[in-house]
Structure formats: structure tokens, C-alpha cells
>>> print(open('model.tsv').read())   # TSV, C-alpha atoms
chain	number	residue	atom	x	y	z
C	879	MET	CA	4.92	93.97	201.20
C	880	ARG	CA	1.24	94.52	200.47
C	881	ILE	CA	-1.53	96.89	201.54
C	882	ASP	CA	-5.20	97.45	200.78
C	883	LEU	CA	-6.57	100.86	199.79
C	884	ASN	CA	-10.19	101.71	200.53
C	885	ALA	CA	-12.44	104.68	199.95
C	886	ASP	CA	-15.93	105.54	201.14
C	887	VAL	CA	-18.16	105.58	198.07
C	888	GLY	CA	-21.80	105.69	197.04
C	889	GLU	CA	-22.24	108.89	199.02
C	890	SER	CA	-23.80	111.17	196.40
C	891	PHE	CA	-26.90	113.11	197.52
C	892	ASP	CA	-28.80	116.39	197.00
C	893	GLY	CA	-26.54	117.65	194.22
C	894	TRP	CA	-23.33	116.58	195.95
C	895	SER	CA	-21.43	113.77	194.31
C	896	THR	CA	-18.12	111.98	194.65
C	897	ASP	CA	-16.19	110.76	191.63
C	898	ASP	CA	-16.75	107.09	192.37
C	899	ALA	CA	-15.82	105.99	188.84
C	900	SER	CA	-12.32	107.44	189.24
C	901	LEU	CA	-11.92	106.38	192.87
C	902	LEU	CA	-12.80	102.78	192.08
C	903	ARG	CA	-10.05	102.58	189.49
C	904	LEU	CA	-7.51	103.32	192.24
C	905	VAL	CA	-8.67	101.45	195.35
C	906	THR	CA	-8.94	97.74	196.08
C	907	SER	CA	-11.85	97.90	198.54
C	908	ALA	CA	-15.02	99.99	198.36
C	909	SER	CA	-16.89	100.93	201.53
C	910	VAL	CA	-20.39	101.50	200.14
C	911	ALA	CA	-22.97	103.69	201.87
C	912	CYS	CA	-25.99	101.50	202.46
C	913	GLY	CA	-28.81	103.63	203.81
C	914	GLY	CA	-27.74	105.04	207.16
C	915	HIS	CA	-25.96	108.31	206.38
C	916	CYS	CA	-26.49	108.06	202.63
C	917	GLY	CA	-27.37	105.63	199.87
C	918	ASP	CA	-30.39	103.81	198.48
C	919	ALA	CA	-31.00	100.77	196.31
C	920	GLU	CA	-30.14	102.60	193.09
C	921	SER	CA	-26.94	104.24	194.36
C	922	MET	CA	-25.83	100.92	195.85
C	923	ARG	CA	-26.46	99.15	192.54
C	924	ARG	CA	-24.47	101.72	190.54
C	925	THR	CA	-21.60	101.69	193.00
C	926	VAL	CA	-21.39	97.92	193.28
C	927	GLU	CA	-21.45	97.58	189.49
C	928	LEU	CA	-18.50	99.98	189.26
C	929	ALA	CA	-16.68	97.97	191.92
C	930	VAL	CA	-17.25	94.75	190.01
C	931	GLU	CA	-16.02	96.32	186.76
C	932	ASN	CA	-12.78	97.29	188.49
C	933	GLY	CA	-12.25	94.09	190.48
C	934	VAL	CA	-12.76	95.92	193.78
C	935	SER	CA	-13.99	94.19	196.96
C	936	VAL	CA	-17.28	95.48	198.38
C	937	GLY	CA	-17.86	96.39	202.02
C	938	ALA	CA	-20.86	97.79	203.90
C	939	HIS	CA	-20.30	101.30	205.25
C	940	VAL	CA	-22.82	101.28	208.09
C	941	SER	CA	-23.92	104.31	210.04
C	942	TYR	CA	-26.34	105.82	212.46
C	943	ALA	CA	-29.65	106.69	210.75
C	944	ASP	CA	-28.64	110.31	210.23
C	945	ARG	CA	-28.93	111.55	206.66
C	946	GLU	CA	-29.24	115.20	207.66
C	947	GLY	CA	-25.96	115.09	209.55
C	948	PHE	CA	-24.27	112.70	207.07
C	949	GLY	CA	-23.76	110.28	209.95
C	950	ARG	CA	-21.21	112.56	211.59
C	951	ARG	CA	-23.26	113.48	214.66
C	952	PRO	CA	-22.96	111.30	217.78
C	953	ARG	CA	-26.14	109.43	218.69
C	954	ASP	CA	-27.32	107.77	221.88
C	955	VAL	CA	-28.90	104.71	220.29
C	956	ALA	CA	-30.20	101.73	222.26
C	957	PRO	CA	-27.96	98.71	221.66
C	958	GLU	CA	-30.75	96.54	220.24
C	959	GLU	CA	-31.73	99.32	217.83
C	960	LEU	CA	-28.14	99.84	216.73
C	961	ALA	CA	-27.59	96.12	216.17
C	962	GLU	CA	-30.65	96.04	213.90
C	963	LEU	CA	-29.49	99.17	212.06
C	964	VAL	CA	-26.19	97.47	211.29
C	965	ARG	CA	-27.81	94.18	210.30
C	966	SER	CA	-30.41	95.78	208.03
C	967	GLN	CA	-27.91	98.03	206.24
C	968	VAL	CA	-25.56	95.13	205.56
C	969	VAL	CA	-28.40	92.94	204.29
C	970	SER	CA	-29.62	95.72	201.99
C	971	LEU	CA	-26.20	95.92	200.37
C	972	HIS	CA	-25.86	92.14	200.34
C	973	ASP	CA	-29.11	91.82	198.38
C	974	VAL	CA	-27.87	94.33	195.78
C	975	ALA	CA	-24.43	92.72	195.57
C	976	SER	CA	-25.90	89.26	195.06
C	977	VAL	CA	-27.86	90.42	192.02
C	978	THR	CA	-24.77	92.20	190.69
C	979	GLY	CA	-22.64	89.06	190.82
C	980	THR	CA	-20.53	89.72	193.89
C	981	ARG	CA	-20.87	89.68	197.67
C	982	VAL	CA	-20.25	91.88	200.67
C	983	ARG	CA	-16.94	91.00	202.31
C	984	TYR	CA	-16.61	93.36	205.26
C	985	VAL	CA	-18.33	95.93	207.46
C	986	LYS	CA	-16.89	99.33	208.29
C	987	PRO	CA	-18.67	101.86	210.53
C	988	HIS	CA	-18.96	105.42	209.27
C	989	GLY	CA	-18.40	108.81	210.85
C	990	ALA	CA	-19.62	109.29	214.40
C	991	LEU	CA	-20.34	105.58	214.79
C	992	TYR	CA	-16.75	104.73	213.80
C	993	ASN	CA	-15.39	107.10	216.43
C	994	THR	CA	-17.88	106.08	219.13
C	995	VAL	CA	-17.12	102.35	218.94
C	996	VAL	CA	-13.44	103.06	219.51
C	997	HIS	CA	-14.31	103.57	223.20
C	998	ASP	CA	-18.01	102.80	223.82
C	999	ILE	CA	-18.44	99.16	224.89
C	1000	ALA	CA	-22.24	99.01	224.56
C	1001	GLN	CA	-22.28	100.41	221.04
C	1002	ALA	CA	-19.30	98.33	219.95
C	1003	GLU	CA	-21.03	95.19	221.25
C	1004	ALA	CA	-24.14	96.19	219.29
C	1005	VAL	CA	-22.16	96.54	216.08
C	1006	VAL	CA	-20.62	93.10	216.62
C	1007	ARG	CA	-24.08	91.59	217.22
C	1008	GLY	CA	-25.42	93.25	214.09
C	1009	VAL	CA	-22.57	91.85	212.00
C	1010	GLU	CA	-23.03	88.38	213.49
C	1011	ALA	CA	-26.80	88.52	212.86
C	1012	THR	CA	-26.24	88.78	209.11
C	1013	GLY	CA	-24.79	85.27	209.09
C	1014	LEU	CA	-22.45	86.29	206.28
C	1015	GLY	CA	-19.10	85.72	208.01
C	1016	LEU	CA	-17.92	89.26	207.36
C	1017	ALA	CA	-14.69	90.93	208.42
C	1018	VAL	CA	-14.82	94.10	210.51
C	1019	VAL	CA	-12.71	97.11	209.58
C	1020	ALA	CA	-11.84	99.14	212.68
C	1021	LEU	CA	-9.36	101.48	214.30
C	1022	PRO	CA	-6.50	99.37	215.74
C	1023	GLY	CA	-6.56	99.20	219.53
C	1024	GLY	CA	-10.17	100.34	219.81
C	1025	VAL	CA	-12.99	98.59	221.66
C	1026	LEU	CA	-14.71	97.43	218.46
C	1027	ALA	CA	-11.51	95.78	217.22
C	1028	GLN	CA	-11.11	94.01	220.57
C	1029	LEU	CA	-14.72	92.81	220.87
C	1030	ALA	CA	-14.97	91.71	217.25
C	1031	ALA	CA	-11.81	89.61	217.66
C	1032	GLU	CA	-13.14	88.09	220.88
C	1033	ALA	CA	-16.32	87.14	218.99
C	1034	GLY	CA	-14.25	85.28	216.42
C	1035	LEU	CA	-14.71	87.82	213.64
C	1036	ARG	CA	-11.81	88.73	211.39
C	1037	VAL	CA	-10.59	92.22	212.28
C	1038	VAL	CA	-8.84	94.41	209.72
C	1039	GLY	CA	-6.92	97.35	211.16
C	1040	GLU	CA	-7.35	100.63	209.31
C	1041	ALA	CA	-5.42	103.88	209.10
C	1042	PHE	CA	-6.55	107.13	207.48
C	1043	LEU	CA	-4.25	108.91	205.08
C	1044	ASP	CA	-6.24	112.15	205.03
C	1045	ARG	CA	-6.87	112.60	208.76
C	1046	ALA	CA	-4.67	113.90	211.58
C	1047	TYR	CA	-4.03	111.68	214.60
C	1048	ARG	CA	-3.66	112.23	218.31
C	1049	ASP	CA	-0.79	110.68	220.23
C	1050	ASP	CA	-3.07	107.88	221.48
C	1051	GLY	CA	-3.79	106.69	217.93
C	1052	THR	CA	-7.29	108.17	217.71
C	1053	LEU	CA	-8.41	110.68	215.10
C	1054	VAL	CA	-8.35	114.43	215.64
C	1055	PRO	CA	-12.04	115.52	215.54
C	1056	ARG	CA	-13.08	117.13	212.27
C	1057	VAL	CA	-14.11	120.33	214.08
C	1058	GLU	CA	-10.51	121.02	215.10
C	1059	ASP	CA	-8.00	122.88	212.95
C	1060	GLY	CA	-5.69	120.62	211.01
C	1061	ALA	CA	-7.94	117.56	211.31
C	1062	LEU	CA	-8.07	117.08	207.53
C	1063	LEU	CA	-4.97	116.59	205.40
C	1064	HIS	CA	-4.80	117.60	201.74
C	1065	ASP	CA	-1.12	117.75	200.75
C	1066	GLN	CA	-0.35	114.99	198.21
C	1067	ASP	CA	3.29	114.64	199.17
C	1068	GLU	CA	2.47	114.40	202.88
C	1069	ILE	CA	-0.24	111.83	202.29
C	1070	ALA	CA	1.92	109.74	199.93
C	1071	ALA	CA	4.73	109.75	202.51
C	1072	ARG	CA	2.29	108.67	205.20
C	1073	ALA	CA	1.17	105.75	203.04
C	1074	ILE	CA	4.77	104.55	202.77
C	1075	ASP	CA	5.37	104.98	206.50
C	1076	LEU	CA	2.28	102.90	207.27
C	1077	ALA	CA	2.69	100.21	204.62
C	1078	VAL	CA	6.44	99.72	205.06
C	1079	HIS	CA	7.15	100.72	208.66
C	1080	GLY	CA	3.78	100.46	210.45
C	1081	ARG	CA	3.97	103.96	211.82
C	1082	LEU	CA	2.68	107.50	211.34
C	1083	VAL	CA	3.37	110.95	212.69
C	1084	ALA	CA	0.71	112.37	214.99
C	1085	ARG	CA	-0.31	116.03	214.94
C	1086	SER	CA	2.04	116.70	217.85
C	1087	GLY	CA	5.00	115.32	215.89
C	1088	ALA	CA	5.12	112.11	217.91
C	1089	VAL	CA	5.70	108.89	215.97
C	1090	ILE	CA	3.09	106.26	216.80
C	1091	HIS	CA	2.89	102.58	215.87
C	1092	VAL	CA	-0.17	101.54	213.85
C	1093	GLU	CA	-0.91	98.02	212.60
C	1094	ALA	CA	-3.04	98.67	209.53
C	1095	ALA	CA	-3.90	96.28	206.71
C	1096	THR	CA	-6.02	98.85	204.87
C	1097	LEU	CA	-5.48	102.56	204.25
C	1098	CYS	CA	-8.36	104.95	203.63
C	1099	VAL	CA	-8.86	108.19	201.73
C	1100	HIS	CA	-12.36	109.57	202.24
C	1101	GLY	CA	-14.30	109.88	199.00
C	1102	ASP	CA	-15.56	113.34	200.00
C	1103	THR	CA	-12.09	114.71	200.76
C	1104	GLY	CA	-11.26	117.44	198.27
C	1105	GLY	CA	-9.05	116.09	195.49
C	1106	ALA	CA	-9.45	112.49	196.69
C	1107	THR	CA	-8.72	111.06	193.25
C	1108	GLY	CA	-5.45	112.98	192.96
C	1109	LEU	CA	-4.46	111.93	196.46
C	1110	LEU	CA	-5.03	108.28	195.65
C	1111	ARG	CA	-3.04	108.55	192.42
C	1112	ALA	CA	-0.12	109.96	194.39
C	1113	VAL	CA	-0.45	107.18	196.96
C	1114	ARG	CA	-0.54	104.45	194.32
C	1115	SER	CA	2.54	105.89	192.61
C	1116	ALA	CA	4.47	106.09	195.89
C	1117	LEU	CA	3.54	102.54	196.86
C	1118	ASP	CA	4.56	101.25	193.44
C	1119	ASP	CA	7.91	103.04	193.72
C	1120	HIS	CA	8.56	101.34	197.06
C	1121	GLY	CA	7.59	97.86	195.90
C	1122	VAL	CA	4.38	97.67	197.90
C	1123	ALA	CA	1.68	95.57	196.23
C	1124	VAL	CA	-1.79	97.11	196.47
C	1125	ARG	CA	-4.26	94.26	196.95
C	1126	SER	CA	-7.55	93.72	198.70
C	1127	PHE	CA	-7.39	92.14	202.15
C	1128	ALA	CA	-10.60	90.22	201.38
>>> encode(input="model.tsv", output="C-alpha cells")
Amino acid sequence: MRIDLNADVGESFDGWSTDDASLLRLVTSASVACGGHCGDAESMRRTVELAVENGVSVGAHVSYADREGFGRRPRDVAPEELAELVRSQVVSLHDVASVTGTRVRYVKPHGALYNTVVHDIAQAEAVVRGVEATGLGLAVVALPGGVLAQLAAEAGLRVVGEAFLDRAYRDDGTLVPRVEDGALLHDQDEIAARAIDLAVHGRLVARSGAVIHVEAATLCVHGDTGGATGLLRAVRSALDDHGVAVRSFA
């Protein structure tokens, strides 16, 4: 048994910072902010260097152009504009990674874009076109069963199913919106148990108590979740105890 662990990193701004150095000692894939919701050339360079030091695969964490809302506000963006947003953010990170001695291996939407492309065909198609336009042969990390996962697979892109350890789920396998009570999970024991359920059994318990099937090759803890480093340590320990190898999917 094996599973990938990823965290969203490179998201420090305006006095707020995540402990990327600690996070990147625990994960196997790093989803790096690359200019949409957060990030610039210097933050990308620092984050990618940390990833390289720790043998962690690098992915582009693309977003709407929404720094004020941290990319968590829905946007009605024209498909051609969104495709270019995705392409340009990936290329920006690719240029940094190339100088640092590594390469970008996957693309993962962030925040509102991630949730929108679960159901919005036009925006999901735009993301696929943006990824294709990079010419880098990148994998796409997406919510299993969503429109983006379907369209990316139809386009011949490698699709990597993802599950979130620190977010509550609805019965249909989508995420409970952050504005709702109980949307964010913080209990280490609960999150470690969820990691085992997903990695070993391919299932998780929704907020209602229903057990749902989820095919996930990578598990995420958000870098800005309170106590993210402690959560990941608990997850790694639980996976080790159950004989699950933690390795990058890339």
C-alpha cells in the first residue's frame, strides 16, 4: 500500500506565514502558490528550494487572480482568460523550478477554482486547455468524480484523485463549504484515522455519518490549517503503523 501526501505551500503574505520548512519535511508533494491567490518569484524560489532539499515533488497551485480574497471567492471568468491564467501561472513556476534544478510535475487548482471545476464544464475545460498549453505533460490533481477529473482524462492527461484530511465532506463526495459549521477538521486522532480509512480502504465518513467511497492517490492537509504540521506528523505516524508507504505519485 502507498499514498502521496500533499500540502499547499508558498502562501505567506502580509505578515501571515505558513511553516513551509516543517511541512515539506512531512509531505511528498508540494502544491506551490504561483501568483494567482498568492506567491511571487521570490516566494516560489524559496519554496521550490525547500522542496528540492526534502526530495518533494513540485506542483503548480493555480488560482483565480484574487489575492485580496486568497482565491476563495467564486469568479465568473471568461474561458479564454482562465486558460491563460492557468498557463501563465504554471509557466512562472516552471521557470523558477528549472533554475532550481527540478521541474513542475502536476497542476492543482486552488480554493474557489477547485470547487467550481468540480461541476462547471466551461471552467473545467479552460483549466484543461491551460494545462495542455504549457506543453509540459503535467498531471492534474482533482476531486474524484468531478467534471475536471473527467475532462482531463478525456484529454489524455493523467488524473490524480485527491482527498482532504482536514475538510468535511457531503454525502455526494464534495466538500462542505468553508462558511458552514464543521467544514474544517482539527482533531489529530480523527484526521489520522481518516488517512488510514482512505489509504487502506478507499473510504471516508461524510459529515452526515454516511460512509462514501473515494479513490484518492494523494491526501491533502492545507498549509494554512491551524496546527498543520502536527496533523501531518500524526498522519505519517498512523500510516507508518499500518504499513502504508508515503511516496509521491509523480
>>> closest_residue(input="model.tsv", among="C:Ile1074, C:Val985, C:Ala1088, C:Asp944", to="C:Asp1118", atoms="only C-alpha atoms")
C:Ile1074
>>> closest_residue(input="model.tsv", among="C:Asn884, C:Thr978, C:Ser941, C:Asn932", to="C:Cys916", atoms="only C-alpha atoms")
C:Ser941
>>> closest_residue(input="model.tsv", among="C:Val1083, C:Val905, C:Val930, C:Leu1063", to="C:Arg1045", atoms="all atoms listed in the file")
C:Leu1063
>>> axis_aligned_box(input="model.tsv", around="stretch 942-958 of chain C", padding_each_side="8 Å", output="lines of an AutoDock Vina configuration file")
center_x = -26.0
center_y = 105.9
center_z = 214.5
size_x = 25.5
size_y = 34.7
size_z = 31.6
>>> atom_distance(input="model.tsv", atom1="atom CA of C:Gly888", atom2="atom CA of C:Val1122")
27.4 Å
>>> closest_residue(input="model.tsv", among="C:Phe948, C:Pro957, C:Ala975, C:Ser1086", to="C:Leu928", atoms="all atoms listed in the file")
C:Ala975
>>> closest_residue(input="model.tsv", among="C:Gly1101, C:Gly1108, C:Gly1023, C:Gly933", to="C:Asp898", atoms="only C-alpha atoms")
C:Gly1101
>>> atom_distance(input="model.tsv", atom1="atom CA of C:Val1005", atom2="atom CA of C:Ala961")
5.4 Å
>>> closest_residue(input="model.tsv", among="C:Glu946, C:Glu959, C:Asp954, C:Asp973", to="C:Leu991", atoms="all atoms listed in the file")
C:Asp954
>>> atom_distance(input="model.tsv", atom1="atom CA of C:Arg1085", atom2="atom CA of C:Leu1053")
9.7 Å
>>> residues_near_point(input="model.tsv", point="(-23.2, 108.4, 200.2)", cutoff="7 Å", atoms="only C-alpha atoms", output="ChimeraX atom specification")
/C:887-891,911,915-917
>>> write_last_selection(input="model.tsv", atoms="C-alpha atoms", output="short mmCIF file (atom, residue, chain, number, x, y, z; two decimals), in the coordinates of the input")
data_model
loop_
_atom_site.label_atom_id
_atom_site.label_comp_id
_atom_site.auth_asym_id
_atom_site.auth_seq_id
_atom_site.Cartn_x
_atom_site.Cartn_y
_atom_site.Cartn_z
CA VAL C 887 -18.16 105.58 198.07
CA GLY C 888 -21.80 105.69 197.04
CA GLU C 889 -22.24 108.89 199.02
CA SER C 890 -23.80 111.17 196.40
CA PHE C 891 -26.90 113.11 197.52
CA ALA C 911 -22.97 103.69 201.87
CA HIS C 915 -25.96 108.31 206.38
CA CYS C 916 -26.49 108.06 202.63
CA GLY C 917 -27.37 105.63 199.87
#
>>> residues_around(input="model.tsv", residues="stretch 962-964 of chain C", least_positions_apart="2", cutoff="8 Å", atoms="only C-alpha atoms", output="list in words")
Gly914, Val940, Ser941, Tyr942, Ala943, Glu958, Glu959, Leu960, Ser966, Gln967, Val968, Val1005, Gly1008 and Val1009 of chain C
>>> write_last_selection(input="model.tsv", atoms="C-alpha atoms", output="tab-separated table (two decimals), in the coordinates of the input")
chain	number	residue	atom	x	y	z
C	914	GLY	CA	-27.74	105.04	207.16
C	940	VAL	CA	-22.82	101.28	208.09
C	941	SER	CA	-23.92	104.31	210.04
C	942	TYR	CA	-26.34	105.82	212.46
C	943	ALA	CA	-29.65	106.69	210.75
C	958	GLU	CA	-30.75	96.54	220.24
C	959	GLU	CA	-31.73	99.32	217.83
C	960	LEU	CA	-28.14	99.84	216.73
C	966	SER	CA	-30.41	95.78	208.03
C	967	GLN	CA	-27.91	98.03	206.24
C	968	VAL	CA	-25.56	95.13	205.56
C	1005	VAL	CA	-22.16	96.54	216.08
C	1008	GLY	CA	-25.42	93.25	214.09
C	1009	VAL	CA	-22.57	91.85	212.00
>>> residues_near_point(input="model.tsv", point="(5.5, 114.2, 204.4)", cutoff="12 Å", atoms="only C-alpha atoms", output="number ranges by chain")
C: 1043-1044, 1063-1075, 1082-1084, 1087, 1113, 1116
>>> decode(input="model.tsv", residues="stretch 1017-1055 of chain C", atoms="N, CA and C atoms", output="CSV table (one decimal), in the first residue's frame")
chain,number,residue,atom,x,y,z
C,1017,ALA,N,0.4,16.2,-14.9
C,1017,ALA,CA,-0.7,15.5,-14.3
C,1017,ALA,C,-1.7,16.6,-13.7
C,1018,VAL,N,-2.9,16.2,-13.5
C,1018,VAL,CA,-3.9,17.1,-12.9
C,1018,VAL,C,-4.5,16.5,-11.7
C,1019,VAL,N,-4.3,17.2,-10.6
C,1019,VAL,CA,-4.9,16.8,-9.3
C,1019,VAL,C,-6.3,17.3,-9.1
C,1020,ALA,N,-7.3,16.5,-8.9
C,1020,ALA,CA,-8.7,16.9,-8.9
C,1020,ALA,C,-9.5,16.0,-7.9
C,1021,LEU,N,-10.7,16.6,-7.6
C,1021,LEU,CA,-11.6,15.8,-6.8
C,1021,LEU,C,-12.2,14.7,-7.6
C,1022,PRO,N,-12.1,13.4,-7.1
C,1022,PRO,CA,-12.6,12.3,-7.9
C,1022,PRO,C,-14.1,12.4,-8.2
C,1023,GLY,N,-14.4,12.1,-9.4
C,1023,GLY,CA,-15.8,12.1,-9.9
C,1023,GLY,C,-16.3,13.5,-10.4
C,1024,GLY,N,-15.4,14.5,-10.3
C,1024,GLY,CA,-15.8,15.9,-10.7
C,1024,GLY,C,-15.6,16.0,-12.2
C,1025,VAL,N,-16.1,17.1,-12.7
C,1025,VAL,CA,-16.0,17.4,-14.1
C,1025,VAL,C,-14.6,17.6,-14.6
C,1026,LEU,N,-13.7,18.3,-13.8
C,1026,LEU,CA,-12.3,18.5,-14.2
C,1026,LEU,C,-11.7,17.1,-14.4
C,1027,ALA,N,-11.9,16.2,-13.4
C,1027,ALA,CA,-11.2,14.9,-13.5
C,1027,ALA,C,-11.7,14.2,-14.7
C,1028,GLN,N,-13.0,14.3,-15.1
C,1028,GLN,CA,-13.5,13.6,-16.3
C,1028,GLN,C,-12.9,14.2,-17.6
C,1029,LEU,N,-12.9,15.5,-17.7
C,1029,LEU,CA,-12.4,16.2,-18.9
C,1029,LEU,C,-10.9,16.0,-19.1
C,1030,ALA,N,-10.2,16.1,-18.0
C,1030,ALA,CA,-8.8,16.0,-18.1
C,1030,ALA,C,-8.4,14.5,-18.6
C,1031,ALA,N,-9.1,13.5,-18.1
C,1031,ALA,CA,-8.9,12.2,-18.5
C,1031,ALA,C,-9.2,12.0,-20.0
C,1032,GLU,N,-10.3,12.6,-20.4
C,1032,GLU,CA,-10.7,12.5,-21.8
C,1032,GLU,C,-9.7,13.2,-22.7
C,1033,ALA,N,-9.0,14.2,-22.2
C,1033,ALA,CA,-8.0,14.9,-23.0
C,1033,ALA,C,-6.7,14.1,-23.0
C,1034,GLY,N,-6.6,13.0,-22.3
C,1034,GLY,CA,-5.4,12.2,-22.3
C,1034,GLY,C,-4.4,12.7,-21.2
C,1035,LEU,N,-4.8,13.5,-20.3
C,1035,LEU,CA,-4.0,13.9,-19.2
C,1035,LEU,C,-4.1,12.9,-18.0
C,1036,ARG,N,-3.0,12.7,-17.3
C,1036,ARG,CA,-3.0,11.9,-16.1
C,1036,ARG,C,-3.8,12.6,-15.0
C,1037,VAL,N,-4.8,11.9,-14.5
C,1037,VAL,CA,-5.6,12.5,-13.4
C,1037,VAL,C,-5.2,11.8,-12.1
C,1038,VAL,N,-5.0,12.6,-11.1
C,1038,VAL,CA,-4.7,12.1,-9.7
C,1038,VAL,C,-5.8,12.5,-8.8
C,1039,GLY,N,-6.5,11.5,-8.3
C,1039,GLY,CA,-7.6,11.8,-7.4
C,1039,GLY,C,-7.1,12.2,-6.0
C,1040,GLU,N,-7.8,13.2,-5.4
C,1040,GLU,CA,-7.3,13.8,-4.2
C,1040,GLU,C,-8.4,13.7,-3.1
C,1041,ALA,N,-8.0,13.5,-1.9
C,1041,ALA,CA,-9.0,13.7,-0.7
C,1041,ALA,C,-8.4,14.6,0.3
C,1042,PHE,N,-9.2,15.3,1.0
C,1042,PHE,CA,-8.7,16.2,2.0
C,1042,PHE,C,-8.9,15.7,3.4
C,1043,LEU,N,-7.8,15.7,4.2
C,1043,LEU,CA,-7.9,15.1,5.5
C,1043,LEU,C,-8.5,16.1,6.5
C,1044,ASP,N,-8.4,17.4,6.2
C,1044,ASP,CA,-8.8,18.5,7.2
C,1044,ASP,C,-10.1,19.2,6.8
C,1045,ARG,N,-10.9,18.6,5.9
C,1045,ARG,CA,-12.2,19.1,5.4
C,1045,ARG,C,-13.3,18.1,5.5
C,1046,ALA,N,-14.5,18.6,5.9
C,1046,ALA,CA,-15.7,17.8,6.0
C,1046,ALA,C,-16.2,17.6,4.6
C,1047,TYR,N,-16.9,16.4,4.4
C,1047,TYR,CA,-17.5,16.1,3.1
C,1047,TYR,C,-19.0,15.9,3.2
C,1048,ARG,N,-19.6,16.2,2.1
C,1048,ARG,CA,-21.0,15.9,1.9
C,1048,ARG,C,-21.2,14.5,1.4
C,1049,ASP,N,-22.4,14.0,1.4
C,1049,ASP,CA,-22.7,12.6,1.0
C,1049,ASP,C,-22.3,12.4,-0.4
C,1050,ASP,N,-22.3,13.4,-1.3
C,1050,ASP,CA,-22.0,13.2,-2.7
C,1050,ASP,C,-20.6,13.3,-3.0
C,1051,GLY,N,-19.7,13.4,-2.0
C,1051,GLY,CA,-18.3,13.4,-2.2
C,1051,GLY,C,-17.7,14.7,-2.4
C,1052,THR,N,-18.5,15.8,-2.3
C,1052,THR,CA,-18.0,17.2,-2.5
C,1052,THR,C,-17.7,17.7,-1.1
C,1053,LEU,N,-16.9,18.8,-1.0
C,1053,LEU,CA,-16.5,19.4,0.2
C,1053,LEU,C,-17.6,20.3,0.8
C,1054,VAL,N,-17.8,20.2,2.1
C,1054,VAL,CA,-18.6,21.2,2.8
C,1054,VAL,C,-18.0,22.5,2.7
C,1055,PRO,N,-18.8,23.6,2.3
C,1055,PRO,CA,-18.2,24.9,2.1
C,1055,PRO,C,-17.6,25.4,3.4
